[in-house]
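Okay, data_26.cif now, which holds mmCIF, C-alpha atoms:
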data_coords
#
loop_
_atom_site.label_atom_id
_atom_site.label_comp_id
_atom_site.auth_asym_id
_atom_site.auth_seq_id
_atom_site.Cartn_x
_atom_site.Cartn_y
_atom_site.Cartn_z
CA MET T 232 -15.19 22.83 -13.66
CA THR T 233 -17.82 21.66 -11.20
CA SER T 234 -16.65 20.37 -7.84
CA TRP T 235 -17.38 16.76 -6.92
CA THR T 236 -19.63 17.95 -4.12
CA ALA T 237 -21.80 19.90 -6.55
CA GLU T 238 -21.88 16.90 -8.90
CA ALA T 239 -23.10 14.76 -5.99
CA GLY T 240 -25.69 17.39 -5.08
CA ILE T 241 -24.05 18.18 -1.75
CA PRO T 242 -23.53 21.83 -0.77
CA GLU T 243 -19.81 22.54 -0.31
CA ALA T 244 -20.41 23.87 3.22
CA GLU T 245 -21.84 20.51 4.30
CA VAL T 246 -18.80 18.46 3.30
CA GLY T 247 -16.43 17.93 6.20
CA LEU T 248 -12.83 16.89 6.46
CA LEU T 249 -13.60 13.22 6.90
CA ALA T 250 -15.81 13.13 3.79
CA ARG T 251 -12.98 14.67 1.77
CA ILE T 252 -10.52 12.10 3.13
CA VAL T 253 -12.95 9.28 2.28
CA ARG T 254 -13.29 10.65 -1.26
CA LEU T 255 -9.50 10.84 -1.63
CA ASN T 256 -9.18 7.29 -0.30
CA MET T 257 -11.69 6.03 -2.87
CA LEU T 258 -9.86 7.77 -5.71
CA VAL T 259 -6.43 6.54 -4.58
CA THR T 260 -7.79 3.00 -4.22
CA ARG T 261 -9.10 3.14 -7.78
CA VAL T 262 -5.76 4.42 -9.12
CA LEU T 263 -3.81 1.74 -7.24
CA ASP T 264 -6.16 -1.02 -8.39
CA ASP T 265 -5.80 0.16 -11.99
CA LEU T 266 -1.99 0.27 -11.70
CA VAL T 267 -1.49 -3.19 -10.21
CA GLU T 268 -4.22 -5.11 -12.07
CA PRO T 269 -2.25 -5.42 -15.36
CA HIS T 270 0.49 -7.15 -13.34
CA ASP T 271 -1.89 -9.85 -12.03
CA ILE T 272 -1.53 -8.81 -8.40
CA THR T 273 -3.70 -7.07 -5.82
CA VAL T 274 -2.72 -3.94 -3.93
CA SER T 275 -2.74 -5.92 -0.70
CA ASP T 276 -0.39 -8.53 -2.15
CA TYR T 277 1.88 -5.84 -3.61
CA LEU T 278 2.16 -4.10 -0.22
CA VAL T 279 3.46 -7.33 1.31
CA LEU T 280 5.97 -7.82 -1.52
CA ALA T 281 7.05 -4.18 -1.29
CA LEU T 282 7.59 -4.49 2.45
CA MET T 283 9.65 -7.62 1.92
CA ARG T 284 11.93 -5.87 -0.58
CA ARG T 285 13.76 -4.58 2.51
CA GLY T 286 14.68 -8.12 3.51
CA ARG T 287 13.19 -11.19 5.08
CA SER T 288 10.52 -10.75 7.67
CA SER T 289 8.12 -12.61 9.91
CA PRO T 290 4.36 -12.60 9.38
CA VAL T 291 3.89 -10.97 12.80
CA GLU T 292 6.20 -8.09 11.87
CA MET T 293 4.38 -7.61 8.56
CA CYS T 294 1.00 -7.57 10.33
CA ALA T 295 2.22 -4.86 12.69
CA THR T 296 3.60 -2.73 9.86
CA LEU T 297 0.63 -3.12 7.50
CA GLY T 298 -2.10 -3.18 10.13
CA ARG T 299 -3.30 -6.62 9.06
CA THR T 300 -4.64 -9.55 11.05
CA THR T 301 -2.60 -12.72 11.31
CA GLY T 302 -5.36 -14.67 9.56
CA GLY T 303 -5.46 -12.23 6.67
CA MET T 304 -1.67 -12.25 6.42
CA SER T 305 -1.63 -16.06 6.34
CA LEU T 306 -4.06 -16.05 3.42
CA THR T 307 -1.97 -13.43 1.60
CA LEU T 308 1.24 -15.39 2.16
CA ASP T 309 -0.46 -18.58 0.96
CA ARG T 310 -1.40 -16.78 -2.29
CA LEU T 311 2.07 -15.31 -2.72
CA ALA T 312 3.76 -18.67 -2.05
CA THR T 313 1.45 -20.42 -4.53
CA ALA T 314 2.37 -17.79 -7.12
CA GLY T 315 6.06 -18.50 -6.43
CA TRP T 316 6.77 -14.99 -5.13
CA VAL T 317 7.69 -15.84 -1.52
CA ASP T 318 9.25 -18.69 0.41
CA ARG T 319 8.26 -19.50 4.00
CA ARG T 320 10.35 -21.60 6.34
CA PRO T 321 11.03 -22.00 10.06
CA ASP T 322 13.44 -19.51 11.60
CA PRO T 323 16.67 -21.48 12.26
CA ARG T 324 17.15 -19.60 15.57
CA ASP T 325 13.58 -20.22 16.79
CA ARG T 326 11.71 -22.95 14.93
CA ARG T 327 8.37 -21.70 16.35
CA ARG T 328 8.74 -18.60 14.16
CA ILE T 329 8.29 -18.44 10.40
CA ILE T 330 10.57 -16.40 8.18
CA VAL T 331 9.31 -15.16 4.82
CA GLU T 332 11.59 -14.14 1.95
CA LEU T 333 11.00 -12.96 -1.58
CA THR T 334 11.91 -15.30 -4.37
CA ALA T 335 13.65 -13.89 -7.43
CA ALA T 336 10.26 -13.85 -9.18
CA GLY T 337 8.69 -12.04 -6.21
CA ARG T 338 11.41 -9.38 -6.20
CA THR T 339 10.94 -8.88 -9.94
CA LYS T 340 7.16 -8.58 -9.52
CA ALA T 341 7.56 -6.03 -6.70
CA GLU T 342 10.06 -3.99 -8.72
CA ILE T 343 7.87 -3.96 -11.85
CA VAL T 344 4.80 -2.80 -9.92
CA ASN T 345 6.88 -0.27 -7.99
CA GLN T 346 8.09 1.15 -11.31
CA ALA T 347 4.47 1.45 -12.53
CA LEU T 348 3.68 3.50 -9.42
CA HIS T 349 6.70 5.75 -10.02
CA ASP T 350 5.74 6.14 -13.69
CA TRP T 351 2.24 7.26 -12.65
CA GLU T 352 3.70 9.83 -10.28
CA ALA T 353 6.15 11.09 -12.92
CA ALA T 354 3.29 11.53 -15.39
CA LEU T 355 1.73 14.05 -13.00
CA ASP T 356 4.47 16.45 -14.07
CA LEU T 357 4.55 18.27 -10.73
CA THR T 358 7.15 20.90 -10.03
CA PRO T 359 9.43 19.99 -7.13
CA ALA T 360 7.92 22.83 -5.09
CA LEU T 361 4.33 21.71 -5.70
CA ARG T 362 5.23 18.09 -4.98
CA ALA T 363 6.85 19.11 -1.68
CA GLU T 364 3.80 21.21 -0.77
CA ILE T 365 1.41 18.32 -1.48
CA GLU T 366 3.59 15.90 0.50
CA ASP T 367 3.66 18.32 3.46
CA ASP T 368 -0.13 18.72 3.28
CA LEU T 369 -0.64 14.96 3.15
CA ASP T 370 1.69 14.48 6.11
CA ALA T 371 -0.35 17.07 8.02
CA VAL T 372 -3.64 15.32 7.16
CA THR T 373 -2.14 11.98 8.19
CA ALA T 374 -1.05 13.46 11.53
CA VAL T 375 -4.57 14.81 12.11
CA VAL T 376 -6.17 11.44 11.34
CA VAL T 377 -3.66 9.56 13.53
CA GLY T 378 -4.13 12.06 16.34
CA GLY T 379 -7.90 11.84 16.04
CA SER T 380 -7.94 8.05 16.10
CA GLU T 381 -5.54 7.88 19.07
CA GLY T 382 -7.81 10.16 21.09
CA ARG T 383 -10.67 7.67 20.90
#

Re-express the file's structure as structure tokens.
Amino acid sequence: MTSWTAEAGIPEAEVGLLARIVRLNMLVTRVLDDLVEPHDITVSDYLVLALMRRGRSSPVEMCATLGRTTGGMSLTLDRLATAGWVDRRPDPRDRRRIIVELTAAGRTKAEIVNQALHDWEAALDLTPALRAEIEDDLDAVTAVVVGGSEGR
């Protein structure tokens, strides 16, 4: 089997860590898009619904967790509210704040998509040891990327 670098005409020695991470990101994005598309939702919208499965939240809290802008989050919440998947209303303790909650339909949508993600993982048929090794490696790569971006 030819490596992706050889297929792209790039010598293996010239491909750095960041290029490998970018390649992985592109592949994961494609898999996620393919998994959520049959459910008429985007990955970005699903991430908001998945976050809200833990309970109600404010748009500011969701922005901080997902690394989104407030403008982008407002557009996402508008889409999700129009679809009937979330309700927004003033916080009864501080009417300047907005509280967002999943509707029953939104919870169902999040659970169905979440199951599709779990089904994809299960189809990989990884041994528990190999899965743990991959998870540890990914955690290490994440720590390197976070550490590298914090040092800038």

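For the atom pair formed by atom CA of T:Asp322 and atom CA of T:Val274, the distance is 27.3 Å, given to one decimal.
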
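Proximity to T:Cys294 was assessed for T:Val279, T:Ala314, T:Val331, T:Leu258 counting all atoms listed in the file; the smallest distance is recorded for T:Val279.
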
Practice problem: May I ask for the distance between atom CA of T:Val376 and atom CA of T:Leu355, given in Å to one decimal place? | Solution: 25.7 Å

Practice problem: For each of T:Ala347, T:Ile329, T:Leu278, T:Ala371, take the minimum atom-to-atom distance to T:Val291, counting all atoms listed in the file, then give the residue where this is smallest. | Solution: T:Ile329

Which residues, named as in the file, does the PyMOL selection byres ((chain T and resi 282) around 12) pick out? Answer as a PDB file with C-alpha atoms, in the coordinates of the input.
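Saved the output as expr.pdb:
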ATOM      1  CA  SER T 275      -2.740  -5.920  -0.700  1.00  0.00           C
ATOM      2  CA  ASP T 276      -0.390  -8.530  -2.150  1.00  0.00           C
ATOM      3  CA  TYR T 277       1.880  -5.840  -3.610  1.00  0.00           C
ATOM      4  CA  LEU T 278       2.160  -4.100  -0.220  1.00  0.00           C
ATOM      5  CA  VAL T 279       3.460  -7.330   1.310  1.00  0.00           C
ATOM      6  CA  LEU T 280       5.970  -7.820  -1.520  1.00  0.00           C
ATOM      7  CA  ALA T 281       7.050  -4.180  -1.290  1.00  0.00           C
ATOM      8  CA  MET T 283       9.650  -7.620   1.920  1.00  0.00           C
ATOM      9  CA  ARG T 284      11.930  -5.870  -0.580  1.00  0.00           C
ATOM     10  CA  ARG T 285      13.760  -4.580   2.510  1.00  0.00           C
ATOM     11  CA  GLY T 286      14.680  -8.120   3.510  1.00  0.00           C
ATOM     12  CA  ARG T 287      13.190 -11.190   5.080  1.00  0.00           C
ATOM     13  CA  SER T 288      10.520 -10.750   7.670  1.00  0.00           C
ATOM     14  CA  SER T 289       8.120 -12.610   9.910  1.00  0.00           C
ATOM     15  CA  PRO T 290       4.360 -12.600   9.380  1.00  0.00           C
ATOM     16  CA  GLU T 292       6.200  -8.090  11.870  1.00  0.00           C
ATOM     17  CA  MET T 293       4.380  -7.610   8.560  1.00  0.00           C
ATOM     18  CA  CYS T 294       1.000  -7.570  10.330  1.00  0.00           C
ATOM     19  CA  ALA T 295       2.220  -4.860  12.690  1.00  0.00           C
ATOM     20  CA  THR T 296       3.600  -2.730   9.860  1.00  0.00           C
ATOM     21  CA  LEU T 297       0.630  -3.120   7.500  1.00  0.00           C
ATOM     22  CA  VAL T 331       9.310 -15.160   4.820  1.00  0.00           C
ATOM     23  CA  GLU T 332      11.590 -14.140   1.950  1.00  0.00           C
ATOM     24  CA  LEU T 333      11.000 -12.960  -1.580  1.00  0.00           C
ATOM     25  CA  GLY T 337       8.690 -12.040  -6.210  1.00  0.00           C
ATOM     26  CA  ARG T 338      11.410  -9.380  -6.200  1.00  0.00           C
ATOM     27  CA  ALA T 341       7.560  -6.030  -6.700  1.00  0.00           C
ATOM     28  CA  GLU T 342      10.060  -3.990  -8.720  1.00  0.00           C
ATOM     29  CA  ASN T 345       6.880  -0.270  -7.990  1.00  0.00           C
TER      30      ASN T 345
END

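One finds atom CA of T:Trp351 at 12.5 Å from atom CA of T:Asp264.
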
Take the point (9.2, -24.3, 6.9) as written in the file and pick out every residue within 12 Å of it, counting only C-alpha atoms; give the list as a PDB file with C-alpha atoms, in the frame of the given file.
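The file below, result10.pdb, is the result:
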ATOM      1  CA  ALA T 312       3.760 -18.670  -2.050  1.00  0.00           C
ATOM      2  CA  ASP T 318       9.250 -18.690   0.410  1.00  0.00           C
ATOM      3  CA  ARG T 319       8.260 -19.500   4.000  1.00  0.00           C
ATOM      4  CA  ARG T 320      10.350 -21.600   6.340  1.00  0.00           C
ATOM      5  CA  PRO T 321      11.030 -22.000  10.060  1.00  0.00           C
ATOM      6  CA  ASP T 322      13.440 -19.510  11.600  1.00  0.00           C
ATOM      7  CA  PRO T 323      16.670 -21.480  12.260  1.00  0.00           C
ATOM      8  CA  ASP T 325      13.580 -20.220  16.790  1.00  0.00           C
ATOM      9  CA  ARG T 326      11.710 -22.950  14.930  1.00  0.00           C
ATOM     10  CA  ARG T 327       8.370 -21.700  16.350  1.00  0.00           C
ATOM     11  CA  ARG T 328       8.740 -18.600  14.160  1.00  0.00           C
ATOM     12  CA  ILE T 329       8.290 -18.440  10.400  1.00  0.00           C
ATOM     13  CA  ILE T 330      10.570 -16.400   8.180  1.00  0.00           C
ATOM     14  CA  VAL T 331       9.310 -15.160   4.820  1.00  0.00           C
ATOM     15  CA  GLU T 332      11.590 -14.140   1.950  1.00  0.00           C
TER      16      GLU T 332
END

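Nearest residue to T:Asn256 among T:Val375, T:Val317, T:Ala354, T:Leu369 is T:Leu369, counting all atoms listed in the file.
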
Quiz prompt | Residue neighbourhood T:Thr373, 10 Å, only C-alpha atoms, exclusion window fewer than 6 positions, as a ChimeraX atom specification | solution = /T:252,367,379

Specify the axis-aligned box that encloses all atoms of stretch 281-285 of chain T listed in the file after padding of 5 Å on each side, stating its centre and edge lengths in Å to one decimal as lines of an AutoDock Vina configuration file.
center_x = 10.4
center_y = -5.9
center_z = 0.6
size_x = 16.7
size_y = 13.4
size_z = 13.8

Reconstruct N, CA and C atoms of stretch 274-304 of chain T; output as a PDB file, keeping the file's coordinate frame.
ATOM      1  N   VAL T 274      -3.448  -4.951  -4.706  1.00  0.00           N
ATOM      2  CA  VAL T 274      -2.720  -3.940  -3.930  1.00  0.00           C
ATOM      3  C   VAL T 274      -2.238  -4.538  -2.623  1.00  0.00           C
ATOM      4  N   SER T 275      -3.099  -5.288  -1.967  1.00  0.00           N
ATOM      5  CA  SER T 275      -2.740  -5.920  -0.700  1.00  0.00           C
ATOM      6  C   SER T 275      -1.535  -6.838  -0.850  1.00  0.00           C
ATOM      7  N   ASP T 276      -1.526  -7.634  -1.900  1.00  0.00           N
ATOM      8  CA  ASP T 276      -0.390  -8.530  -2.150  1.00  0.00           C
ATOM      9  C   ASP T 276       0.868  -7.724  -2.475  1.00  0.00           C
ATOM     10  N   TYR T 277       0.721  -6.666  -3.266  1.00  0.00           N
ATOM     11  CA  TYR T 277       1.880  -5.840  -3.610  1.00  0.00           C
ATOM     12  C   TYR T 277       2.488  -5.213  -2.352  1.00  0.00           C
ATOM     13  N   LEU T 278       1.642  -4.739  -1.435  1.00  0.00           N
ATOM     14  CA  LEU T 278       2.160  -4.100  -0.220  1.00  0.00           C
ATOM     15  C   LEU T 278       3.037  -5.067   0.579  1.00  0.00           C
ATOM     16  N   VAL T 279       2.644  -6.330   0.615  1.00  0.00           N
ATOM     17  CA  VAL T 279       3.460  -7.330   1.310  1.00  0.00           C
ATOM     18  C   VAL T 279       4.780  -7.526   0.570  1.00  0.00           C
ATOM     19  N   LEU T 280       4.730  -7.664  -0.752  1.00  0.00           N
ATOM     20  CA  LEU T 280       5.970  -7.820  -1.520  1.00  0.00           C
ATOM     21  C   LEU T 280       6.866  -6.598  -1.372  1.00  0.00           C
ATOM     22  N   ALA T 281       6.268  -5.415  -1.411  1.00  0.00           N
ATOM     23  CA  ALA T 281       7.050  -4.180  -1.290  1.00  0.00           C
ATOM     24  C   ALA T 281       7.731  -4.098   0.077  1.00  0.00           C
ATOM     25  N   LEU T 282       7.013  -4.477   1.103  1.00  0.00           N
ATOM     26  CA  LEU T 282       7.590  -4.490   2.450  1.00  0.00           C
ATOM     27  C   LEU T 282       8.749  -5.460   2.527  1.00  0.00           C
ATOM     28  N   MET T 283       8.618  -6.589   1.867  1.00  0.00           N
ATOM     29  CA  MET T 283       9.650  -7.620   1.920  1.00  0.00           C
ATOM     30  C   MET T 283      10.876  -7.277   1.074  1.00  0.00           C
ATOM     31  N   ARG T 284      10.756  -6.277   0.208  1.00  0.00           N
ATOM     32  CA  ARG T 284      11.930  -5.870  -0.580  1.00  0.00           C
ATOM     33  C   ARG T 284      13.061  -5.402   0.328  1.00  0.00           C
ATOM     34  N   ARG T 285      12.742  -5.024   1.550  1.00  0.00           N
ATOM     35  CA  ARG T 285      13.760  -4.580   2.510  1.00  0.00           C
ATOM     36  C   ARG T 285      14.531  -5.735   3.114  1.00  0.00           C
ATOM     37  N   GLY T 286      14.028  -6.943   2.949  1.00  0.00           N
ATOM     38  CA  GLY T 286      14.680  -8.120   3.510  1.00  0.00           C
ATOM     39  C   GLY T 286      13.648  -9.088   4.043  1.00  0.00           C
ATOM     40  N   ARG T 287      14.127 -10.202   4.575  1.00  0.00           N
ATOM     41  CA  ARG T 287      13.190 -11.190   5.080  1.00  0.00           C
ATOM     42  C   ARG T 287      12.476 -10.655   6.308  1.00  0.00           C
ATOM     43  N   SER T 288      11.336 -11.241   6.579  1.00  0.00           N
ATOM     44  CA  SER T 288      10.520 -10.750   7.670  1.00  0.00           C
ATOM     45  C   SER T 288       9.672 -11.889   8.216  1.00  0.00           C
ATOM     46  N   SER T 289       9.062 -11.639   9.356  1.00  0.00           N
ATOM     47  CA  SER T 289       8.120 -12.610   9.910  1.00  0.00           C
ATOM     48  C   SER T 289       6.705 -12.108   9.651  1.00  0.00           C
ATOM     49  N   PRO T 290       5.750 -13.026   9.575  1.00  0.00           N
ATOM     50  CA  PRO T 290       4.360 -12.600   9.380  1.00  0.00           C
ATOM     51  C   PRO T 290       3.878 -11.639  10.469  1.00  0.00           C
ATOM     52  N   VAL T 291       4.306 -11.847  11.699  1.00  0.00           N
ATOM     53  CA  VAL T 291       3.890 -10.970  12.800  1.00  0.00           C
ATOM     54  C   VAL T 291       4.401  -9.542  12.573  1.00  0.00           C
ATOM     55  N   GLU T 292       5.647  -9.415  12.150  1.00  0.00           N
ATOM     56  CA  GLU T 292       6.200  -8.090  11.870  1.00  0.00           C
ATOM     57  C   GLU T 292       5.459  -7.412  10.725  1.00  0.00           C
ATOM     58  N   MET T 293       5.118  -8.181   9.696  1.00  0.00           N
ATOM     59  CA  MET T 293       4.380  -7.610   8.560  1.00  0.00           C
ATOM     60  C   MET T 293       2.987  -7.173   8.983  1.00  0.00           C
ATOM     61  N   CYS T 294       2.334  -7.953   9.835  1.00  0.00           N
ATOM     62  CA  CYS T 294       1.000  -7.570  10.330  1.00  0.00           C
ATOM     63  C   CYS T 294       1.071  -6.245  11.070  1.00  0.00           C
ATOM     64  N   ALA T 295       2.074  -6.093  11.912  1.00  0.00           N
ATOM     65  CA  ALA T 295       2.220  -4.860  12.690  1.00  0.00           C
ATOM     66  C   ALA T 295       2.451  -3.665  11.771  1.00  0.00           C
ATOM     67  N   THR T 296       3.282  -3.826  10.771  1.00  0.00           N
ATOM     68  CA  THR T 296       3.600  -2.730   9.860  1.00  0.00           C
ATOM     69  C   THR T 296       2.421  -2.359   8.976  1.00  0.00           C
ATOM     70  N   LEU T 297       1.714  -3.361   8.463  1.00  0.00           N
ATOM     71  CA  LEU T 297       0.630  -3.120   7.500  1.00  0.00           C
ATOM     72  C   LEU T 297      -0.744  -3.030   8.149  1.00  0.00           C
ATOM     73  N   GLY T 298      -0.819  -3.247   9.455  1.00  0.00           N
ATOM     74  CA  GLY T 298      -2.100  -3.180  10.130  1.00  0.00           C
ATOM     75  C   GLY T 298      -3.046  -4.296   9.723  1.00  0.00           C
ATOM     76  N   ARG T 299      -2.512  -5.462   9.503  1.00  0.00           N
ATOM     77  CA  ARG T 299      -3.300  -6.620   9.060  1.00  0.00           C
ATOM     78  C   ARG T 299      -3.464  -7.606  10.199  1.00  0.00           C
ATOM     79  N   THR T 300      -4.470  -8.472  10.091  1.00  0.00           N
ATOM     80  CA  THR T 300      -4.640  -9.550  11.050  1.00  0.00           C
ATOM     81  C   THR T 300      -3.730 -10.705  10.664  1.00  0.00           C
ATOM     82  N   THR T 301      -3.444 -11.568  11.622  1.00  0.00           N
ATOM     83  CA  THR T 301      -2.600 -12.720  11.310  1.00  0.00           C
ATOM     84  C   THR T 301      -3.293 -13.669  10.344  1.00  0.00           C
ATOM     85  N   GLY T 302      -4.613 -13.809  10.491  1.00  0.00           N
ATOM     86  CA  GLY T 302      -5.360 -14.670   9.560  1.00  0.00           C
ATOM     87  C   GLY T 302      -5.309 -14.146   8.146  1.00  0.00           C
ATOM     88  N   GLY T 303      -5.513 -12.841   7.998  1.00  0.00           N
ATOM     89  CA  GLY T 303      -5.460 -12.230   6.670  1.00  0.00           C
ATOM     90  C   GLY T 303      -4.069 -12.322   6.066  1.00  0.00           C
ATOM     91  N   MET T 304      -3.047 -12.158   6.909  1.00  0.00           N
ATOM     92  CA  MET T 304      -1.670 -12.250   6.420  1.00  0.00           C
ATOM     93  C   MET T 304      -1.355 -13.684   5.992  1.00  0.00           C
TER      94      MET T 304
END
